[in-house]
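**Student:** PDB, C-alpha atoms, pLDDT in the B column, saved as run.pdb, coming up:
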```pdb
ATOM      1  CA  THR A   1       0.000   0.000   0.000  1.00 38.00           C
ATOM      2  CA  SER A   2       1.160   3.483  -0.842  1.00 37.00           C
ATOM      3  CA  THR A   3       1.699   6.136   1.818  1.00 36.00           C
ATOM      4  CA  LYS A   4      -1.161   8.140   0.325  1.00 38.00           C
ATOM      5  CA  HIS A   5      -3.507   5.170   0.823  1.00 36.00           C
ATOM      6  CA  GLN A   6      -2.358   4.727   4.447  1.00 35.00           C
ATOM      7  CA  ILE A   7      -2.928   8.420   5.176  1.00 34.00           C
ATOM      8  CA  SER A   8      -6.453   8.313   3.763  1.00 34.00           C
ATOM      9  CA  ASN A   9      -7.171   5.273   5.959  1.00 35.00           C
ATOM     10  CA  MET A  10      -5.928   7.106   9.042  1.00 36.00           C
ATOM     11  CA  LYS A  11      -8.126  10.077   8.209  1.00 35.00           C
ATOM     12  CA  LEU A  12     -11.123   7.744   7.957  1.00 39.00           C
ATOM     13  CA  VAL A  13     -10.925   6.847  11.655  1.00 43.00           C
ATOM     14  CA  LYS A  14     -10.845  10.493  12.660  1.00 44.00           C
ATOM     15  CA  GLU A  15     -13.904  11.221  10.483  1.00 52.00           C
ATOM     16  CA  VAL A  16     -16.106   9.499  13.034  1.00 63.00           C
ATOM     17  CA  ASN A  17     -16.789  11.989  15.772  1.00 77.00           C
ATOM     18  CA  VAL A  18     -17.387   9.576  18.631  1.00 80.00           C
ATOM     19  CA  GLU A  19     -19.268  12.115  20.767  1.00 82.00           C
ATOM     20  CA  ASP A  20     -21.575  13.095  17.892  1.00 80.00           C
ATOM     21  CA  LEU A  21     -22.272   9.439  17.166  1.00 79.00           C
ATOM     22  CA  PHE A  22     -23.006   8.787  20.855  1.00 81.00           C
ATOM     23  CA  ASN A  23     -25.353  11.791  21.059  1.00 81.00           C
ATOM     24  CA  GLU A  24     -27.139  10.640  17.927  1.00 77.00           C
ATOM     25  CA  LEU A  25     -27.701   7.208  19.490  1.00 77.00           C
ATOM     26  CA  ASP A  26     -28.720   8.694  22.853  1.00 77.00           C
ATOM     27  CA  THR A  27     -32.334   9.331  21.815  1.00 73.00           C
ATOM     28  CA  GLU A  28     -33.508   9.731  25.438  1.00 76.00           C
ATOM     29  CA  GLU A  29     -30.679  12.205  26.108  1.00 81.00           C
ATOM     30  CA  ASP A  30     -29.906  10.548  29.436  1.00 86.00           C
ATOM     31  CA  GLY A  31     -26.214   9.889  28.812  1.00 85.00           C
ATOM     32  CA  ALA A  32     -26.723   6.171  28.200  1.00 84.00           C
ATOM     33  CA  VAL A  33     -27.337   4.230  25.003  1.00 82.00           C
ATOM     34  CA  TYR A  34     -28.694   0.730  24.621  1.00 79.00           C
ATOM     35  CA  LEU A  35     -25.983  -1.722  23.731  1.00 80.00           C
ATOM     36  CA  SER A  36     -28.274  -3.415  21.201  1.00 77.00           C
ATOM     37  CA  THR A  37     -28.648  -0.065  19.374  1.00 77.00           C
ATOM     38  CA  VAL A  38     -24.883   0.496  19.487  1.00 79.00           C
ATOM     39  CA  VAL A  39     -24.187  -2.972  18.082  1.00 77.00           C
ATOM     40  CA  MET A  40     -26.760  -2.702  15.292  1.00 75.00           C
ATOM     41  CA  THR A  41     -25.655   0.816  14.310  1.00 77.00           C
ATOM     42  CA  LEU A  42     -21.957  -0.002  14.336  1.00 77.00           C
ATOM     43  CA  LYS A  43     -22.539  -3.177  12.326  1.00 74.00           C
ATOM     44  CA  ALA A  44     -24.546  -1.168   9.814  1.00 71.00           C
ATOM     45  CA  LEU A  45     -21.983   1.603   9.575  1.00 71.00           C
ATOM     46  CA  ASN A  46     -19.018  -0.773   9.367  1.00 69.00           C
ATOM     47  CA  GLN A  47     -17.469  -0.693   5.929  1.00 64.00           C
ATOM     48  CA  ASP A  48     -17.102  -4.433   5.599  1.00 66.00           C
ATOM     49  CA  ILE A  49     -19.542  -6.206   7.885  1.00 58.00           C
ATOM     50  CA  GLU A  50     -18.769  -9.764   6.855  1.00 59.00           C
ATOM     51  CA  ALA A  51     -15.045  -9.628   6.060  1.00 62.00           C
ATOM     52  CA  ASN A  52     -13.611  -8.109   9.212  1.00 69.00           C
ATOM     53  CA  LEU A  53     -13.925 -11.025  11.607  1.00 73.00           C
ATOM     54  CA  GLN A  54     -12.225  -9.263  14.531  1.00 77.00           C
ATOM     55  CA  VAL A  55     -14.778  -6.423  14.465  1.00 76.00           C
ATOM     56  CA  LYS A  56     -17.628  -8.880  13.924  1.00 76.00           C
ATOM     57  CA  ALA A  57     -16.479 -10.972  16.912  1.00 78.00           C
ATOM     58  CA  LEU A  58     -16.208  -7.885  19.147  1.00 79.00           C
ATOM     59  CA  LEU A  59     -19.715  -6.718  18.198  1.00 77.00           C
ATOM     60  CA  ASP A  60     -21.220 -10.212  18.482  1.00 75.00           C
ATOM     61  CA  ASP A  61     -19.627 -10.527  21.916  1.00 75.00           C
ATOM     62  CA  LEU A  62     -21.148  -7.227  23.038  1.00 73.00           C
ATOM     63  CA  ASP A  63     -24.503  -8.281  21.721  1.00 63.00           C
ATOM     64  CA  THR A  64     -24.622 -11.190  24.162  1.00 56.00           C
ATOM     65  CA  ASN A  65     -22.913  -9.941  27.308  1.00 52.00           C
ATOM     66  CA  GLY A  66     -26.191  -8.837  28.931  1.00 51.00           C
ATOM     67  CA  SER A  67     -25.055  -5.308  29.831  1.00 53.00           C
ATOM     68  CA  ASP A  68     -27.943  -3.067  28.800  1.00 75.00           C
ATOM     69  CA  THR A  69     -26.456   0.388  28.287  1.00 82.00           C
ATOM     70  CA  VAL A  70     -23.129   2.178  27.883  1.00 83.00           C
ATOM     71  CA  ASN A  71     -22.181   5.719  28.856  1.00 85.00           C
ATOM     72  CA  ILE A  72     -20.048   8.113  26.796  1.00 86.00           C
ATOM     73  CA  GLN A  73     -16.787   6.950  28.420  1.00 87.00           C
ATOM     74  CA  GLU A  74     -17.542   3.263  27.790  1.00 85.00           C
ATOM     75  CA  PHE A  75     -18.639   4.146  24.258  1.00 86.00           C
ATOM     76  CA  LYS A  76     -15.339   5.954  23.566  1.00 85.00           C
ATOM     77  CA  GLU A  77     -13.382   2.935  24.842  1.00 85.00           C
ATOM     78  CA  LEU A  78     -15.503   0.630  22.708  1.00 85.00           C
ATOM     79  CA  MET A  79     -14.951   2.758  19.583  1.00 84.00           C
ATOM     80  CA  LYS A  80     -11.192   2.824  20.232  1.00 85.00           C
ATOM     81  CA  GLU A  81     -11.171  -0.981  20.530  1.00 84.00           C
ATOM     82  CA  LEU A  82     -13.247  -1.380  17.370  1.00 82.00           C
ATOM     83  CA  GLU A  83     -11.139   1.055  15.361  1.00 81.00           C
ATOM     84  CA  GLU A  84      -7.994  -0.795  16.440  1.00 81.00           C
ATOM     85  CA  ALA A  85      -9.646  -3.995  15.229  1.00 79.00           C
ATOM     86  CA  GLY A  86     -10.274  -2.375  11.845  1.00 78.00           C
ATOM     87  CA  TRP A  87     -13.781  -0.869  12.097  1.00 76.00           C
ATOM     88  CA  ARG A  88     -14.265   1.848   9.468  1.00 73.00           C
ATOM     89  CA  LYS A  89     -17.315   3.968   8.790  1.00 72.00           C
ATOM     90  CA  GLN A  90     -19.114   3.106   5.573  1.00 67.00           C
ATOM     91  CA  LYS A  91     -19.887   6.049   3.315  1.00 66.00           C
ATOM     92  CA  PRO A  92     -23.520   6.065   2.152  1.00 61.00           C
ATOM     93  CA  LYS A  93     -23.731   4.255  -1.179  1.00 64.00           C
ATOM     94  CA  LYS A  94     -25.613   5.235  -4.280  1.00 66.00           C
ATOM     95  CA  THR A  95     -28.125   2.599  -5.383  1.00 64.00           C
ATOM     96  CA  LYS A  96     -25.922   1.488  -8.280  1.00 68.00           C
ATOM     97  CA  ASP A  97     -23.048   0.744  -5.848  1.00 71.00           C
ATOM     98  CA  ILE A  98     -25.073  -1.410  -3.443  1.00 73.00           C
ATOM     99  CA  THR A  99     -24.126  -5.059  -3.792  1.00 76.00           C
ATOM    100  CA  GLU A 100     -26.160  -8.197  -3.144  1.00 79.00           C
ATOM    101  CA  MET A 101     -23.785  -8.834  -0.214  1.00 78.00           C
ATOM    102  CA  ASP A 102     -24.637  -5.415   1.295  1.00 77.00           C
ATOM    103  CA  ILE A 103     -28.339  -6.193   1.057  1.00 80.00           C
ATOM    104  CA  LYS A 104     -27.982  -9.713   2.513  1.00 83.00           C
ATOM    105  CA  ALA A 105     -25.837  -8.444   5.398  1.00 81.00           C
ATOM    106  CA  ILE A 106     -28.308  -5.681   6.308  1.00 80.00           C
ATOM    107  CA  PHE A 107     -31.285  -8.031   5.880  1.00 84.00           C
ATOM    108  CA  ARG A 108     -29.677 -10.487   8.319  1.00 84.00           C
ATOM    109  CA  LEU A 109     -29.000  -7.658  10.804  1.00 80.00           C
ATOM    110  CA  VAL A 110     -32.576  -6.379  10.672  1.00 82.00           C
ATOM    111  CA  ASP A 111     -34.150  -9.873  10.783  1.00 84.00           C
ATOM    112  CA  VAL A 112     -33.496 -10.175  14.528  1.00 80.00           C
ATOM    113  CA  ASP A 113     -35.620 -13.292  15.071  1.00 84.00           C
ATOM    114  CA  LYS A 114     -34.016 -14.990  12.021  1.00 87.00           C
ATOM    115  CA  SER A 115     -37.446 -15.823  10.573  1.00 92.00           C
ATOM    116  CA  GLY A 116     -36.383 -14.994   7.015  1.00 91.00           C
ATOM    117  CA  ASN A 117     -38.772 -12.022   7.007  1.00 92.00           C
ATOM    118  CA  ILE A 118     -38.589  -8.512   8.399  1.00 89.00           C
ATOM    119  CA  SER A 119     -41.544  -7.630  10.602  1.00 89.00           C
ATOM    120  CA  ARG A 120     -42.823  -4.096  11.127  1.00 85.00           C
ATOM    121  CA  THR A 121     -41.315  -4.141  14.633  1.00 83.00           C
ATOM    122  CA  GLU A 122     -37.897  -5.220  13.341  1.00 83.00           C
ATOM    123  CA  ALA A 123     -38.025  -2.532  10.642  1.00 83.00           C
ATOM    124  CA  ARG A 124     -38.999   0.104  13.189  1.00 79.00           C
ATOM    125  CA  MET A 125     -36.151  -0.982  15.503  1.00 75.00           C
ATOM    126  CA  ALA A 126     -33.757  -0.767  12.569  1.00 76.00           C
ATOM    127  CA  GLY A 127     -35.100   2.596  11.384  1.00 73.00           C
ATOM    128  CA  LYS A 128     -31.851   4.508  11.975  1.00 72.00           C
ATOM    129  CA  LEU A 129     -29.825   1.761  10.367  1.00 73.00           C
ATOM    130  CA  LEU A 130     -32.045   1.758   7.251  1.00 77.00           C
ATOM    131  CA  MET A 131     -31.911   5.548   7.102  1.00 75.00           C
ATOM    132  CA  LYS A 132     -28.116   5.665   7.416  1.00 72.00           C
ATOM    133  CA  ARG A 133     -27.402   2.825   5.019  1.00 74.00           C
ATOM    134  CA  PHE A 134     -30.135   3.319   2.387  1.00 76.00           C
ATOM    135  CA  ALA A 135     -31.561   6.816   3.087  1.00 76.00           C
ATOM    136  CA  ILE A 136     -35.006   5.431   3.983  1.00 80.00           C
ATOM    137  CA  LYS A 137     -36.654   8.203   5.996  1.00 80.00           C
ATOM    138  CA  ASP A 138     -40.207   7.093   6.872  1.00 84.00           C
ATOM    139  CA  VAL A 139     -39.798   3.389   7.711  1.00 83.00           C
ATOM    140  CA  PRO A 140     -43.501   2.571   8.415  1.00 86.00           C
ATOM    141  CA  LYS A 141     -44.593   4.177   5.110  1.00 88.00           C
ATOM    142  CA  TRP A 142     -41.694   2.526   3.274  1.00 87.00           C
ATOM    143  CA  MET A 143     -42.692  -0.880   4.729  1.00 88.00           C
ATOM    144  CA  LYS A 144     -46.281  -0.395   3.596  1.00 90.00           C
ATOM    145  CA  ASP A 145     -45.205   0.680   0.095  1.00 90.00           C
ATOM    146  CA  VAL A 146     -42.793  -2.213  -0.484  1.00 90.00           C
ATOM    147  CA  ASP A 147     -44.760  -5.025   1.176  1.00 92.00           C
ATOM    148  CA  THR A 148     -46.104  -6.260  -2.176  1.00 91.00           C
ATOM    149  CA  ASP A 149     -48.024  -9.255  -0.774  1.00 93.00           C
ATOM    150  CA  THR A 150     -49.411  -7.105   2.100  1.00 91.00           C
ATOM    151  CA  ASP A 151     -48.635  -9.695   4.801  1.00 93.00           C
ATOM    152  CA  GLY A 152     -47.079  -7.076   7.094  1.00 90.00           C
ATOM    153  CA  ARG A 153     -43.594  -8.536   6.651  1.00 92.00           C
ATOM    154  CA  LEU A 154     -40.829  -8.123   4.095  1.00 91.00           C
ATOM    155  CA  SER A 155     -39.352 -11.192   2.488  1.00 93.00           C
ATOM    156  CA  TYR A 156     -35.756 -10.981   1.278  1.00 91.00           C
ATOM    157  CA  LYS A 157     -37.068 -10.586  -2.284  1.00 91.00           C
ATOM    158  CA  GLU A 158     -39.301  -7.634  -1.295  1.00 90.00           C
ATOM    159  CA  PHE A 159     -36.477  -6.070   0.729  1.00 89.00           C
ATOM    160  CA  LYS A 160     -33.999  -6.432  -2.132  1.00 87.00           C
ATOM    161  CA  SER A 161     -36.307  -4.950  -4.753  1.00 87.00           C
ATOM    162  CA  ALA A 162     -37.184  -2.110  -2.345  1.00 85.00           C
ATOM    163  CA  ILE A 163     -33.499  -1.229  -2.029  1.00 81.00           C
ATOM    164  CA  LEU A 164     -32.436  -1.753  -5.637  1.00 81.00           C
ATOM    165  CA  GLY A 165     -35.714  -0.946  -7.351  1.00 74.00           C
ATOM    166  CA  PRO A 166     -37.634  -3.384  -9.584  1.00 64.00           C
TER     167      PRO A 166
END
```
In structure tokens, what does this structure look like?

**Tutor:**
Amino acid sequence: TSTKHQISNMKLVKEVNVEDLFNELDTEEDGAVYLSTVVMTLKALNQDIEANLQVKALLDDLDTNGSDTVNIQEFKELMKELEEAGWRKQKPKKTKDITEMDIKAIFRLVDVDKSGNISRTEARMAGKLLMKRFAIKDVPKWMKDVDTDTDGRLSYKEFKSAILGP
């Protein structure tokens, strides 16, 4: 790798303002964020969800350790650990740049109960993630519009065509 490439990678880490990200996640403005929200958001924002196994392992570990919330200090430590493991913020992609792998990875993240469908509740819980990754603003309306068989759930096929267009 060239020096120029290394410098741009270093800049990438600094682009994430940890305090801004924490405040964005702290919807109740009480100085604590739910770990499940942190994990889902960081997985969604991670440049390469599937490939970076160290980051994936760290996030999966957090997801199951039972601790409900983190404060700003814990969040900063977590971000430092993740960045050292290779976590990088994904730039929003234009529709033409979204790959099948991106869609599958996000679908699996949102499908919390692993039913193979995304329920309204799962979509609502993943609202920020969907907005950040695919610029979907009004999740309930979006769900209604793209649920072609009107069963109240999105199959992978419906989800994929909603993201990429028909």

**Student:** Can you list what the PyMOL selection byres ((chain A and resi 55) around 7) grabs from this structure, as a PDB file with C-alpha atoms, keeping the file's coordinate frame?

**Tutor:**
```
ATOM      1  CA  ASN A  52     -13.611  -8.109   9.212  1.00 69.00           C
ATOM      2  CA  LEU A  53     -13.925 -11.025  11.607  1.00 73.00           C
ATOM      3  CA  GLN A  54     -12.225  -9.263  14.531  1.00 77.00           C
ATOM      4  CA  LYS A  56     -17.628  -8.880  13.924  1.00 76.00           C
ATOM      5  CA  ALA A  57     -16.479 -10.972  16.912  1.00 78.00           C
ATOM      6  CA  LEU A  58     -16.208  -7.885  19.147  1.00 79.00           C
ATOM      7  CA  LEU A  59     -19.715  -6.718  18.198  1.00 77.00           C
ATOM      8  CA  LEU A  82     -13.247  -1.380  17.370  1.00 82.00           C
ATOM      9  CA  ALA A  85      -9.646  -3.995  15.229  1.00 79.00           C
ATOM     10  CA  GLY A  86     -10.274  -2.375  11.845  1.00 78.00           C
ATOM     11  CA  TRP A  87     -13.781  -0.869  12.097  1.00 76.00           C
TER      12      TRP A  87
END
```

**Student:** Apply the PyMOL selection byres ((chain A and resi 128) around 12) to the displayed file and report the matching residues as JSON, numbers by chain.

**Tutor:** {"A": [21, 24, 25, 27, 37, 38, 40, 41, 42, 44, 45, 110, 122, 123, 124, 125, 126, 127, 129, 130, 131, 132, 133, 134, 135, 136, 137, 138, 139]}

**Student:** So what does the PyMOL selection byres ((chain A and resi 70-73) around 8) actually pick up in this one, as a PyMOL selection string?

**Tutor:** chain A and resi 19+22+31-35+67-69+74-77

**Student:** To test the calculation: enclose all listed atoms of segment 117-130 of chain A in a box whose edges run along x, y and z, add 5 Å on each side, then state centre and edge lengths in Å to one decimal, as JSON.

**Tutor:**
```
{"center_x": -36.3, "center_y": -3.8, "center_z": 11.3, "size_x": 23.0, "size_y": 26.5, "size_z": 18.5}
```

**Student:** Could you state the separation of atom CA of Thr121 of chain A and atom CA of Pro140 of chain A in Å, given to one decimal place?

**Tutor:**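 Computing it gives 9.4 Å between the two atoms.
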
**Student:** Taking all atoms listed in the file into account, which of A:Lys141, A:Lys160, A:Glu81, A:Leu154 comes nearest Lys104 of chain A?

**Tutor:**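 Of the candidates, the smallest distance to Lys104 of chain A is held by A:Lys160.
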
**Student:** If we count only C-alpha atoms, what is near Gly116 of chain A at a cut-off of 12 Å, once residues fewer than 3 positions away on the same chain are taken out, given as a CSV table (one decimal) with C-alpha atoms, in the frame of the given file?

**Tutor:**
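After the write, result_2.csv holds the following:
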```csv
chain,number,residue,atom,x,y,z
A,104,LYS,CA,-28.0,-9.7,2.5
A,107,PHE,CA,-31.3,-8.0,5.9
A,108,ARG,CA,-29.7,-10.5,8.3
A,109,LEU,CA,-29.0,-7.7,10.8
A,110,VAL,CA,-32.6,-6.4,10.7
A,111,ASP,CA,-34.2,-9.9,10.8
A,112,VAL,CA,-33.5,-10.2,14.5
A,113,ASP,CA,-35.6,-13.3,15.1
A,119,SER,CA,-41.5,-7.6,10.6
A,122,GLU,CA,-37.9,-5.2,13.3
A,153,ARG,CA,-43.6,-8.5,6.7
A,154,LEU,CA,-40.8,-8.1,4.1
A,155,SER,CA,-39.4,-11.2,2.5
A,156,TYR,CA,-35.8,-11.0,1.3
A,157,LYS,CA,-37.1,-10.6,-2.3
A,158,GLU,CA,-39.3,-7.6,-1.3
A,159,PHE,CA,-36.5,-6.1,0.7
```

**Student:** Could you jot down the atom CA of Ile163 of chain A to atom CA of Thr99 of chain A separation for me, Å, one decimal place?

**Tutor:**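 Between these atoms lies a distance of 10.3 Å.
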
**Student:** In Å to one decimal, how far is atom CA of Met101 of chain A from atom CA of Thr148 of chain A?

**Tutor:**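 Pair atom CA of Thr148 of chain A / atom CA of Met101 of chain A returns 22.6 Å.
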
**Student:** Which residue is closest to Ile118 of chain A? Choose from A:Gly152, A:Ala105, A:Ile98, A:Arg88 and count all atoms listed in the file.

**Tutor:** A:Gly152
